$ cat input_18.txt   # compact mmCIF, C-alpha atoms
# COMPACT_ATOMS: atom_id res chain seq x y z
CA MET C 1 12.94 -3.16 13.24
CA GLY C 2 13.56 -5.88 10.65
CA GLU C 3 13.17 -5.69 6.92
CA SER C 4 9.61 -5.25 5.70
CA ILE C 5 7.79 -8.20 4.14
CA LEU C 6 6.84 -5.73 1.38
CA ASN C 7 10.42 -5.54 0.11
CA GLY C 8 10.69 -7.34 -3.20
CA LYS C 9 6.91 -7.28 -3.67
CA SER C 10 5.04 -5.72 -6.57
CA ILE C 11 2.32 -3.27 -5.52
CA LEU C 12 -0.27 -1.49 -7.63
CA ALA C 13 -1.99 1.61 -6.20
CA VAL C 14 -5.06 3.00 -7.97
CA ASP C 15 -6.48 6.40 -7.07
CA ASP C 16 -7.76 9.38 -9.05
CA GLU C 17 -6.05 11.77 -6.63
CA PHE C 18 -2.42 12.25 -7.64
CA ASP C 19 -1.46 13.52 -4.18
CA VAL C 20 -2.73 10.28 -2.62
CA LEU C 21 -0.68 8.23 -5.10
CA ALA C 22 2.38 10.36 -4.26
CA ILE C 23 1.90 9.84 -0.52
CA LEU C 24 1.42 6.09 -0.97
CA GLU C 25 4.54 5.88 -3.11
CA GLU C 26 6.59 7.87 -0.60
CA GLU C 27 5.35 5.96 2.46
CA ILE C 28 5.81 2.54 0.88
CA LEU C 29 9.16 3.12 -0.82
CA GLU C 30 10.60 4.89 2.23
CA SER C 31 9.90 1.81 4.36
CA CYS C 32 10.39 -0.74 1.60
CA PRO C 33 12.93 0.55 -0.93
CA LYS C 34 13.15 -2.83 -2.68
CA CYS C 35 9.41 -2.82 -3.37
CA GLU C 36 8.19 -2.34 -6.93
CA PHE C 37 5.52 0.36 -6.85
CA ASP C 38 3.16 0.84 -9.80
CA LYS C 39 0.26 3.27 -10.00
CA ALA C 40 -2.81 4.09 -12.05
CA SER C 41 -5.16 7.06 -11.85
CA THR C 42 -8.11 5.84 -13.94
CA PHE C 43 -10.32 2.77 -14.13
CA GLY C 44 -9.13 1.97 -17.66
CA GLU C 45 -5.46 2.33 -16.82
CA ALA C 46 -5.93 0.11 -13.77
CA LEU C 47 -7.74 -2.56 -15.81
CA LYS C 48 -4.84 -2.67 -18.28
CA LYS C 49 -2.27 -3.00 -15.50
CA LEU C 50 -4.26 -5.71 -13.72
CA ALA C 51 -4.56 -7.65 -16.99
CA SER C 52 -0.93 -7.29 -18.01
CA ARG C 53 1.01 -8.37 -14.94
CA THR C 54 0.98 -9.97 -11.53
CA TYR C 55 0.85 -8.01 -8.29
CA ASP C 56 1.52 -9.15 -4.76
CA LEU C 57 -0.80 -6.45 -3.44
CA VAL C 58 -3.31 -4.01 -4.92
CA ILE C 59 -4.52 -0.81 -3.24
CA LEU C 60 -7.81 0.55 -4.61
CA ASP C 61 -9.65 3.80 -4.04
CA ILE C 62 -13.36 3.08 -3.85
CA MET C 63 -14.98 6.16 -5.39
CA GLY C 64 -13.00 7.86 -8.16
CA VAL C 65 -11.83 4.76 -10.02
CA ARG C 66 -14.75 2.35 -9.53
CA GLY C 67 -12.87 0.48 -6.84
CA PHE C 68 -15.46 -2.23 -6.28
CA ASP C 69 -15.41 -3.11 -9.99
CA LEU C 70 -11.62 -3.24 -9.91
CA LEU C 71 -11.80 -5.37 -6.76
CA GLU C 72 -13.67 -8.03 -8.72
CA GLN C 73 -11.00 -7.97 -11.45
CA ALA C 74 -8.15 -8.20 -8.93
CA ASN C 75 -9.89 -11.02 -7.04
CA ALA C 76 -10.28 -12.96 -10.29
CA LYS C 77 -6.48 -12.93 -10.55
CA LYS C 78 -6.09 -13.84 -6.84
CA PHE C 79 -4.39 -10.53 -5.96
CA PRO C 80 -4.80 -9.45 -2.31
CA VAL C 81 -6.65 -6.12 -2.28
CA VAL C 82 -6.77 -3.24 0.18
CA MET C 83 -9.61 -0.75 -0.20
CA LEU C 84 -8.69 2.86 0.57
CA THR C 85 -11.25 5.62 0.89
CA ALA C 86 -12.21 9.01 2.18
CA HIS C 87 -15.58 9.62 0.52
CA ALA C 88 -16.93 6.07 0.87
CA LEU C 89 -15.94 5.80 4.52
CA THR C 90 -19.14 4.15 5.73
CA PRO C 91 -20.09 0.97 7.57
CA GLU C 92 -21.86 -0.18 4.39
CA ALA C 93 -18.72 0.23 2.27
CA LEU C 94 -16.68 -1.62 4.91
CA LYS C 95 -19.14 -4.52 4.85
CA ARG C 96 -19.26 -4.55 1.05
CA SER C 97 -15.45 -4.60 0.90
CA MET C 98 -15.42 -7.63 3.17
CA GLU C 99 -18.16 -9.42 1.24
CA LEU C 100 -16.41 -8.83 -2.09
CA GLY C 101 -13.16 -10.30 -0.82
CA ALA C 102 -11.00 -7.28 0.01
CA ARG C 103 -8.35 -8.01 2.61
CA ALA C 104 -8.52 -4.60 4.32
CA TYR C 105 -10.44 -1.33 4.33
CA LEU C 106 -8.52 1.78 5.30
CA PRO C 107 -9.43 5.42 5.70
CA LYS C 108 -7.19 7.77 3.73
CA GLU C 109 -6.56 9.53 7.03
CA LYS C 110 -4.35 6.54 7.90
CA LEU C 111 -2.00 6.91 4.89
CA GLY C 112 0.88 7.73 7.23
CA GLU C 113 0.42 4.29 8.82
CA ILE C 114 -0.13 2.34 5.60
CA VAL C 115 2.90 0.05 5.68
CA PRO C 116 1.97 -1.96 8.82
CA PHE C 117 -1.55 -2.45 7.46
CA LEU C 118 -0.18 -3.69 4.12
CA GLU C 119 2.26 -6.01 5.87
CA ASP C 120 -0.63 -7.52 7.83
CA VAL C 121 -2.48 -8.28 4.58
CA LEU C 122 0.49 -10.36 3.41
CA VAL C 123 1.10 -12.03 6.78
CA TYR C 124 -2.42 -12.94 7.95
CA GLU C 125 -5.09 -15.03 6.30
CA TYR C 126 -8.42 -13.40 5.41
CA LEU C 127 -10.39 -13.69 8.69
CA PRO C 128 -7.46 -13.23 11.12
CA GLY C 129 -6.37 -10.24 9.05
CA TRP C 130 -9.79 -8.63 9.26
CA LYS C 131 -9.96 -9.34 12.98
CA ARG C 132 -6.59 -7.64 13.48
CA LEU C 133 -7.54 -4.67 11.31
CA LEU C 134 -10.86 -4.14 13.06
CA LYS C 135 -9.19 -4.28 16.47
CA ARG C 136 -6.63 -1.70 15.34
CA LEU C 137 -9.28 0.62 13.89
CA GLU C 138 -12.11 -0.09 16.34
CA HIS C 139 -11.71 3.20 18.21
CA TYR C 140 -11.40 5.12 14.93
CA PHE C 141 -14.60 3.58 13.51
CA ASP C 142 -16.48 3.99 16.81
CA THR C 143 -15.47 7.65 16.96
CA ARG C 144 -16.33 8.24 13.32
CA TRP C 145 -19.60 6.29 13.13
CA GLY C 146 -20.74 6.00 16.76
CA ASP C 147 -20.52 3.05 19.14
CA ASP C 148 -23.55 1.30 17.62
CA TRP C 149 -22.45 1.38 13.96
CA LYS C 150 -22.71 -2.42 13.65
CA LYS C 151 -26.37 -2.52 14.72
CA SER C 152 -27.80 -1.96 11.23
CA GLU C 153 -26.02 -5.13 10.06
CA GLU C 154 -26.22 -7.04 13.32
CA LYS C 155 -26.57 -10.47 11.67
CA PHE C 156 -23.48 -9.93 9.48
CA TRP C 157 -21.33 -8.82 12.43
CA LYS C 158 -22.61 -11.61 14.67
CA GLU C 159 -21.64 -14.21 12.04
CA PHE C 160 -18.26 -12.52 11.53
CA ASN C 161 -17.57 -12.51 15.27
CA GLU C 162 -18.47 -16.21 15.49
CA LYS C 163 -16.10 -17.03 12.62
CA VAL C 164 -13.14 -15.19 14.14
CA HIS C 165 -13.93 -16.23 17.72
CA TRP C 166 -14.07 -12.63 18.88

$ encode --input "input_18.txt" --output "structure tokens"
Amino acid sequence: MGESILNGKSILAVDDEFDVLAILEEEILESCPKCEFDKASTFGEALKKLASRTYDLVILDIMGVRGFDLLEQANAKKFPVVMLTAHALTPEALKRSMELGARAYLPKEKLGEIVPFLEDVLVYEYLPGWKRLLKRLEHYFDTRWGDDWKKSEEKFWKEFNEKVHW
């Protein structure tokens, strides 16, 4: 395996759960020791960090730190954002993440596999990245939400599929 594209990159992780921040730090720095890893555990702390420096990638919890509000701030600075969640793991939150410009939406259950997902965010453009992520997590989402989880937002998913030539 070659060197990770994350090496040399600056990453901010924001989560109100210190154990999640510790796992993210361990997973990322173990695979990418030359990565600069920064973390915040509150909305206010995250806002200050987003305003004070540049990040190559931002990882945001949805619930405990007002992740969608932080997503808007990170997008304004053109930082690629990955949404990470356990409590807001719903088809509606996935769709909202996409609509608000996040580059990925990951269940916290996948923390042990975080590095390949983060690498994809830096390698692939918005739509191809989402297509790749959804293919990788399709079975997970189908198992979690049922095979017909896209039906409630059929128009959205039809338009998405047309855009990515699914």

$ closest_atom_pairs --input "input_18.txt" --of "range 18-97 of chain C" --to "range 115-127 of chain C" --cutoff "12 Å" --atoms "all atoms listed in the file" --output "tab-separated table"
residue	atom	partner	partner_atom	distance
C:Ile23	CA	C:Val115	CA	11.6
C:Leu24	CA	C:Val115	CA	9.1
C:Glu25	CA	C:Val115	CA	10.7
C:Glu26	CA	C:Val115	CA	10.7
C:Glu27	CA	C:Val115	CA	7.2
C:Ile28	CA	C:Val115	CA	6.1
C:Leu29	CA	C:Val115	CA	9.5
C:Glu30	CA	C:Val115	CA	9.7
C:Ser31	CA	C:Val115	CA	7.3
C:Cys32	CA	C:Val115	CA	8.6
C:Cys35	CA	C:Val115	CA	11.5
C:Tyr55	CA	C:Leu122	CA	11.9
C:Asp56	CA	C:Leu122	CA	8.3
C:Leu57	CA	C:Leu122	CA	8.0
C:Val58	CA	C:Leu118	CA	9.6
C:Ile59	CA	C:Leu118	CA	9.0
C:Phe79	CA	C:Leu122	CA	10.6
C:Pro80	CA	C:Val121	CA	7.4
C:Val81	CA	C:Val121	CA	8.3
C:Val82	CA	C:Leu118	CA	7.7
C:Met83	CA	C:Leu118	CA	10.8
C:Leu84	CA	C:Phe117	CA	11.3

$ atom_distance --input "input_18.txt" --atom1 "CA of Ala86 in chain C" --atom2 "CA of Ile62 in chain C"
8.5 Å

$ residues_near_point --input "input_18.txt" --point "(-9.8, -0.9, 8.9)" --cutoff "10 Å" --atoms "all atoms listed in the file" --output "list in words"
Val82, Met83, Leu84, Leu94, Arg103, Ala104, Tyr105, Leu106, Pro107, Lys110, Phe117, Gly129, Trp130, Lys131, Arg132, Leu133, Leu134, Lys135, Arg136, Leu137, Glu138, Tyr140 and Phe141 of chain C

$ atom_distance --input "input_18.txt" --atom1 "CA of Leu47 in chain C" --atom2 "CA of Lys77 in chain C"
11.7 Å

$ residues_near_point --input "input_18.txt" --point "(-5.9, 0.4, -17.6)" --cutoff "12 Å" --atoms "all atoms listed in the file" --output "PDB file with C-alpha atoms, in the coordinates of the input"
ATOM      1  CA  LEU C  12      -0.270  -1.490  -7.630  1.00  0.00           C
ATOM      2  CA  VAL C  14      -5.060   3.000  -7.970  1.00  0.00           C
ATOM      3  CA  ASP C  38       3.160   0.840  -9.800  1.00  0.00           C
ATOM      4  CA  LYS C  39       0.260   3.270 -10.000  1.00  0.00           C
ATOM      5  CA  ALA C  40      -2.810   4.090 -12.050  1.00  0.00           C
ATOM      6  CA  SER C  41      -5.160   7.060 -11.850  1.00  0.00           C
ATOM      7  CA  THR C  42      -8.110   5.840 -13.940  1.00  0.00           C
ATOM      8  CA  PHE C  43     -10.320   2.770 -14.130  1.00  0.00           C
ATOM      9  CA  GLY C  44      -9.130   1.970 -17.660  1.00  0.00           C
ATOM     10  CA  GLU C  45      -5.460   2.330 -16.820  1.00  0.00           C
ATOM     11  CA  ALA C  46      -5.930   0.110 -13.770  1.00  0.00           C
ATOM     12  CA  LEU C  47      -7.740  -2.560 -15.810  1.00  0.00           C
ATOM     13  CA  LYS C  48      -4.840  -2.670 -18.280  1.00  0.00           C
ATOM     14  CA  LYS C  49      -2.270  -3.000 -15.500  1.00  0.00           C
ATOM     15  CA  LEU C  50      -4.260  -5.710 -13.720  1.00  0.00           C
ATOM     16  CA  ALA C  51      -4.560  -7.650 -16.990  1.00  0.00           C
ATOM     17  CA  SER C  52      -0.930  -7.290 -18.010  1.00  0.00           C
ATOM     18  CA  ARG C  53       1.010  -8.370 -14.940  1.00  0.00           C
ATOM     19  CA  VAL C  65     -11.830   4.760 -10.020  1.00  0.00           C
ATOM     20  CA  LEU C  70     -11.620  -3.240  -9.910  1.00  0.00           C
ATOM     21  CA  GLN C  73     -11.000  -7.970 -11.450  1.00  0.00           C
TER      22      GLN C  73
END

$ atom_distance --input "input_18.txt" --atom1 "CA of Glu36 in chain C" --atom2 "CA of Ser97 in chain C"
25.0 Å

$ residues_around --input "input_18.txt" --residues "Lys155 in chain C" --least-positions-apart "6" --cutoff "12 Å" --atoms "all atoms listed in the file" --output "ChimeraX atom specification"
/C:95,161-162

$ closest_residue --input "input_18.txt" --among "C:Ala13, C:Pro33, C:Ala22, C:Gly8" --to "Gly112 in chain C" --atoms "all atoms listed in the file"
C:Ala22

$ closest_residue --input "input_18.txt" --among "C:His139, C:Lys34, C:Lys108, C:Lys163" --to "Leu89 in chain C" --atoms "all atoms listed in the file"
C:Lys108

$ closest_residue --input "input_18.txt" --among "C:Asp19, C:Leu100, C:Thr90, C:Asn7" --to "Gly67 in chain C" --atoms "all atoms listed in the file"
C:Leu100

$ closest_residue --input "input_18.txt" --among "C:Ala88, C:Leu71, C:Leu60, C:Val20" --to "Gly101 in chain C" --atoms "all atoms listed in the file"
C:Leu71

$ closest_residue --input "input_18.txt" --among "C:His87, C:Glu154, C:Asp69, C:Lys78" --to "Glu109 in chain C" --atoms "only C-alpha atoms"
C:His87

$ build_atoms --input "input_18.txt" --residues "range 45-56 of chain C" --atoms "all heavy atoms" --output "tab-separated table (two decimals), keeping the file's coordinate frame"
chain	number	residue	atom	x	y	z
C	45	GLU	N	-6.89	2.57	-17.02
C	45	GLU	CA	-5.46	2.33	-16.82
C	45	GLU	C	-5.24	1.19	-15.82
C	45	GLU	O	-4.39	0.32	-16.03
C	45	GLU	CB	-4.82	3.63	-16.30
C	45	GLU	CG	-3.32	3.59	-16.16
C	45	GLU	CD	-2.75	4.88	-15.58
C	45	GLU	OE1	-3.52	5.80	-15.21
C	45	GLU	OE2	-1.52	4.95	-15.50
C	46	ALA	N	-6.04	1.18	-14.77
C	46	ALA	CA	-5.93	0.11	-13.77
C	46	ALA	C	-6.28	-1.25	-14.36
C	46	ALA	O	-5.61	-2.24	-14.10
C	46	ALA	CB	-6.83	0.42	-12.57
C	47	LEU	N	-7.35	-1.30	-15.17
C	47	LEU	CA	-7.74	-2.56	-15.81
C	47	LEU	C	-6.60	-3.12	-16.66
C	47	LEU	O	-6.30	-4.32	-16.63
C	47	LEU	CB	-8.96	-2.36	-16.70
C	47	LEU	CG	-10.33	-2.55	-16.09
C	47	LEU	CD1	-11.42	-2.34	-17.14
C	47	LEU	CD2	-10.49	-3.88	-15.41
C	48	LYS	N	-5.96	-2.24	-17.43
C	48	LYS	CA	-4.84	-2.67	-18.28
C	48	LYS	C	-3.70	-3.22	-17.44
C	48	LYS	O	-3.12	-4.26	-17.77
C	48	LYS	CB	-4.34	-1.51	-19.15
C	48	LYS	CG	-5.27	-1.16	-20.27
C	48	LYS	CD	-4.76	0.04	-21.06
C	48	LYS	CE	-5.81	0.49	-22.06
C	48	LYS	NZ	-5.50	1.78	-22.66
C	49	LYS	N	-3.38	-2.55	-16.36
C	49	LYS	CA	-2.27	-3.00	-15.50
C	49	LYS	C	-2.62	-4.33	-14.83
C	49	LYS	O	-1.79	-5.23	-14.75
C	49	LYS	CB	-1.91	-1.93	-14.48
C	49	LYS	CG	-1.21	-0.74	-15.13
C	49	LYS	CD	-0.77	0.28	-14.11
C	49	LYS	CE	-0.20	1.48	-14.80
C	49	LYS	NZ	1.22	1.50	-14.90
C	50	LEU	N	-3.85	-4.46	-14.36
C	50	LEU	CA	-4.26	-5.71	-13.72
C	50	LEU	C	-4.23	-6.88	-14.71
C	50	LEU	O	-3.92	-8.00	-14.34
C	50	LEU	CB	-5.68	-5.58	-13.14
C	50	LEU	CG	-5.81	-4.72	-11.88
C	50	LEU	CD1	-7.28	-4.48	-11.56
C	50	LEU	CD2	-5.09	-5.37	-10.70
C	51	ALA	N	-4.53	-6.59	-15.98
C	51	ALA	CA	-4.56	-7.65	-16.99
C	51	ALA	C	-3.16	-8.00	-17.49
C	51	ALA	O	-2.94	-9.12	-17.97
C	51	ALA	CB	-5.43	-7.20	-18.17
C	52	SER	N	-2.23	-7.09	-17.36
C	52	SER	CA	-0.93	-7.29	-18.01
C	52	SER	C	0.17	-7.84	-17.11
C	52	SER	O	1.20	-8.27	-17.61
C	52	SER	CB	-0.44	-5.97	-18.62
C	52	SER	OG	-0.14	-5.04	-17.60
C	53	ARG	N	-0.05	-7.84	-15.81
C	53	ARG	CA	1.01	-8.37	-14.94
C	53	ARG	C	0.47	-8.89	-13.62
C	53	ARG	O	-0.72	-8.79	-13.35
C	53	ARG	CB	2.09	-7.33	-14.72
C	53	ARG	CG	1.63	-6.02	-14.17
C	53	ARG	CD	2.78	-5.10	-13.92
C	53	ARG	NE	3.73	-5.79	-13.08
C	53	ARG	CZ	4.70	-5.25	-12.41
C	53	ARG	NH1	4.90	-3.97	-12.50
C	53	ARG	NH2	5.49	-5.95	-11.65
C	54	THR	N	1.35	-9.41	-12.82
C	54	THR	CA	0.98	-9.97	-11.53
C	54	THR	C	1.42	-9.02	-10.42
C	54	THR	O	2.51	-8.47	-10.47
C	54	THR	CB	1.68	-11.34	-11.33
C	54	THR	OG1	1.22	-12.21	-12.36
C	54	THR	CG2	1.35	-11.93	-9.98
C	55	TYR	N	0.55	-8.85	-9.45
C	55	TYR	CA	0.85	-8.01	-8.29
C	55	TYR	C	0.72	-8.81	-7.01
C	55	TYR	O	-0.16	-9.65	-6.88
C	55	TYR	CB	-0.11	-6.80	-8.23
C	55	TYR	CG	0.12	-5.83	-9.36
C	55	TYR	CD1	-0.69	-5.84	-10.49
C	55	TYR	CD2	1.16	-4.90	-9.30
C	55	TYR	CE1	-0.48	-4.95	-11.54
C	55	TYR	CE2	1.39	-4.01	-10.35
C	55	TYR	CZ	0.57	-4.05	-11.46
C	55	TYR	OH	0.79	-3.17	-12.49
C	56	ASP	N	1.59	-8.52	-6.08
C	56	ASP	CA	1.52	-9.15	-4.76
C	56	ASP	C	0.48	-8.48	-3.89
C	56	ASP	O	-0.01	-9.07	-2.93
C	56	ASP	CB	2.89	-9.08	-4.07
C	56	ASP	CG	3.94	-9.85	-4.83
C	56	ASP	OD1	3.77	-11.08	-4.98
C	56	ASP	OD2	4.93	-9.24	-5.30
